[in-house]
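S.K.: Mind looking over this structure? Questions follow.
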Amino acid sequence: MVTNSFRRTQQQDSINKYAKYGFSQNPFPIDPTVKPFSEDRRENGSIFLEELRSEELEEFKQRIVNSRTKIGFLMDYAAYKGRGIGKTAFMNYVKNEINCDLGDKMSNGAQVLYAIYVSPSPEKRERTMSLIARNIYTSMLNSELLQVVFSRLRAFSEIIPESVLTKIDSPSNYLDTICNDDWLIQEGVDINKLNSNVSQALYDIGVPISFEERTLFESKSYNKFYEYFSSFALGDYAWKREGCNMVFNTLVRLLKMADITHCIILLDEVEKIVTYQNFAEKRAFCDSLRNYFIDGPSINAVSAYYKLFMTIHPNSQELLMPHWQAAGLERFSDLGGNTAKDNTVFFRPIQKTGEMTKKLTLIYMNNAQTNRDPYSILPFTERALDAIMLKAQMVPGRFLKYMYNAIEKGIENKWDTIDLPQVETMWSSSNENDAILGESTTLPDTKTIL
């Protein structure tokens with residue numbers, strides 16, 4: 001007899017309650033925040049209304065991707081009240097856009113790019129450049145960057161025939177093709193010669209990896225390549241001794257050898273770094289930025305390789321400003337002067353409801369539709385959508401949360417249509433909204449700081 005400790009979970013009812021509205025699930029995210037590593041498209045930033053941020057995307061292309069900018073910023077205007085405006089979603093969108101074709105579209109075919117998304121840990125302990133560099137490194141390991149690098153080193157060895165390379169159509173299948181020794185052997189590639197060539201190239205830049213040792217049962221050179229780099233992220237002692245050198249020297253050599261023009265580091269939530277730093281840590285942070293990204297002895301600084309793109313809030317901007325100036329960074333990347341517009345992407349407020357609100361609604365609805373008109377906003381009316389956007393104070397994150405609640409209330413109350421009376425009913429029974437709308441503190445005006 002199985003004891004109570006090993007009881008099984010109860011099977012959930014398979015009835016889809018959202019079928020009433022033609023959805024497979026609630027189309028909107030339960031939490032108004034982006035979770036980049038979630039598999040749920042509603043949460044991970046992969047649902048993105050490009051039209052809503054067309055001006056910002058163009059600024060990113062011109063001021064960051066296709067410029068000589070080494071350190072750039074993503075900053076919101078004062079009309080916003082902090083979070084939910086879409087900066088994290090924007091960062092994840094440009095990351096995916098760059099990485100899907102290695103920056104071909106973003107750079108108009110002029111560059112080969114890779115982007116990584118980085119954010120501080122929940123413990124907010126990244127107060128020094130060494131720990132920030134460790135976060136950068138961990139994000140590189142968690143991305144597909146090493147796959148791309150290893151694949152390009154093999155492709156440029158001139159050992160794999162062109163007829164084989166043409167079978168590899170995108171970075172999404174590198175792991176099953178050019179990174180896979182067995183696949184290459186089946187395609188007639190001399191794997192020993194290939195591995196010897198790549199090993200020598202790595203030795204030449206100070207990466208001592210030999211691919212000659214192979215077991216009888218498997219031949220996975222990429223695993224050995226990945227394990228070499230992942231070993232540096234494991235121990236604190238090894239990282240403190242070698243970490244910054246690995247990120248700002250060895251990896252730059254490696255990426256340049258793979259003919260990747262630039263790696264764009266998308267550093268989100270910088271306020272979690274700046275707010276918790278003391279005076280000396282802020283000064284050291286700015287000095288380190290100049291040393292590692294601008295004019296220090298590292299290969300990254302000398303070659304202007306990494307492009308650092310950081311979100312910055314007006315309040316953290318004020319905290320950082322005196323240290324930024326003391327480090328002389330304003331000459332290279334203006335944080336608060338007349339030339340800040342040259343290296344800053346400004347997030348604009350949504351100016352009005354109407355068509356854009358409808359498009360934002362549909363892009364989420366169509367991700368969850370079963371058998372419904374892809375142009376229909378039912379069960380909502382346009383008046384209801386506009387009312388909810390106004391209640392959300394034109395902040396997309398809040399709008400999506402309220403839309404989630406509206407769907408749940410509609411199911412609970414058996415509403416066939418969600419119009420103004422239903423929206424008012426929803427608000428009259430919600431204390432949460434009163435608390436949010438009661439916030440009156442506005443961030444300092446970005447323009448006055450500039």
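If you're wondering about the labels, chains in the structure tokens are A, B, ... by order shown, residues count from 1 in each chain, ligands from 1 in order shown.
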Taking 6 positions as the minimum chain separation for residues in the same chain, which residues sit within 9 Å of Ile136 of chain A when counting only C-alpha atoms? Answer as a VMD selection string.
M.R.: chain A and resid 116 to 119 247 265 267
S.K.: If you run DSSP on the backbone here, which positions in segment 77-311 of chain A get strand (DSSP E)? Please write them as a VMD selection string.
M.R.: chain A and resid 113 to 118 262 to 267 307 to 311
S.K.: Can you tell me, as a ChimeraX atom specification, which residues in segment 155-388 of chain A count as helix (DSSP H, G or I) by DSSP?
M.R.: /A:155,162-165,171-173,181-186,191-204,221-233,236-257,271-274,279-295,299-303,314-326,329-331,340-342,355-365,382-388
S.K.: Quick one: of A:Ile411, A:Met91, A:Asp101, A:Gln317, who's nearest to Asp334 of chain A, counting only C-alpha atoms?
M.R.: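 Checking each of A:Ile411, A:Met91, A:Asp101, A:Gln317 against Asp334 of chain A, counting only C-alpha atoms, the winner is A:Gln317.
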S.K.: Just checking: using only C-alpha atoms, which residue out of A:Phe285, A:Phe332, A:Phe73, A:Phe90 ends up closest to Glu51 of chain A?
M.R.: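 Comparing A:Phe285, A:Phe332, A:Phe73, A:Phe90 against Glu51 of chain A, the winner is A:Phe90.
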S.K.: Counting only C-alpha atoms, what is within 8 Å of segment 160-171 of chain A, bar same-chain residues fewer than 5 positions away, as a PyMOL selection string?
M.R.: chain A and resi 100-101+148+154-155+177-178+187+189+194
S.K.: Show me, as a ChimeraX atom specification, the residues that have an atom within 12 Å of Lys240 of chain A when counting only C-alpha atoms, minus same-chain residues fewer than 4 positions from it.
M.R.: /A:128-134,232-236,244-247
S.K.: Can those selected residues be exported to a file as a CSV table (one decimal), in the first residue's frame so that it contains N, CA and C atoms?
M.R.:
chain,number,residue,atom,x,y,z
A,128,THR,N,30.1,45.8,-7.7
A,128,THR,CA,31.5,46.0,-8.3
A,128,THR,C,31.5,45.5,-9.7
A,129,MET,N,32.5,46.0,-10.5
A,129,MET,CA,32.6,45.6,-11.9
A,129,MET,C,32.8,44.1,-12.0
A,130,SER,N,33.6,43.5,-11.1
A,130,SER,CA,33.8,42.1,-11.1
A,130,SER,C,32.5,41.2,-11.1
A,131,LEU,N,31.6,41.6,-10.2
A,131,LEU,CA,30.4,40.9,-10.1
A,131,LEU,C,29.4,41.2,-11.3
A,132,ILE,N,29.5,42.4,-11.8
A,132,ILE,CA,28.7,42.7,-13.0
A,132,ILE,C,29.2,41.9,-14.2
A,133,ALA,N,30.5,41.8,-14.3
A,133,ALA,CA,31.2,41.0,-15.3
A,133,ALA,C,30.8,39.6,-15.2
A,134,ARG,N,30.6,39.1,-14.0
A,134,ARG,CA,30.2,37.7,-13.8
A,134,ARG,C,28.8,37.5,-14.3
A,232,PHE,N,34.7,28.5,-15.5
A,232,PHE,CA,35.1,29.8,-14.9
A,232,PHE,C,34.0,30.4,-14.1
A,233,ALA,N,32.8,30.0,-14.3
A,233,ALA,CA,31.6,30.6,-13.6
A,233,ALA,C,31.3,29.9,-12.3
A,234,LEU,N,32.0,28.8,-12.0
A,234,LEU,CA,31.6,28.0,-10.8
A,234,LEU,C,32.2,28.5,-9.5
A,235,GLY,N,33.5,28.8,-9.5
A,235,GLY,CA,34.1,29.1,-8.2
A,235,GLY,C,34.4,30.6,-8.0
A,236,ASP,N,34.1,31.1,-6.8
A,236,ASP,CA,34.4,32.5,-6.5
A,236,ASP,C,35.8,32.9,-6.6
A,244,CYS,N,37.4,39.1,-14.9
A,244,CYS,CA,37.4,40.3,-15.7
A,244,CYS,C,38.3,40.1,-16.9
A,245,ASN,N,39.4,39.4,-16.7
A,245,ASN,CA,40.3,39.1,-17.8
A,245,ASN,C,39.6,38.2,-18.9
A,246,MET,N,38.8,37.3,-18.4
A,246,MET,CA,38.1,36.4,-19.3
A,246,MET,C,37.1,37.2,-20.1
A,247,VAL,N,36.3,38.1,-19.5
A,247,VAL,CA,35.2,38.8,-20.2
A,247,VAL,C,35.8,39.9,-21.1
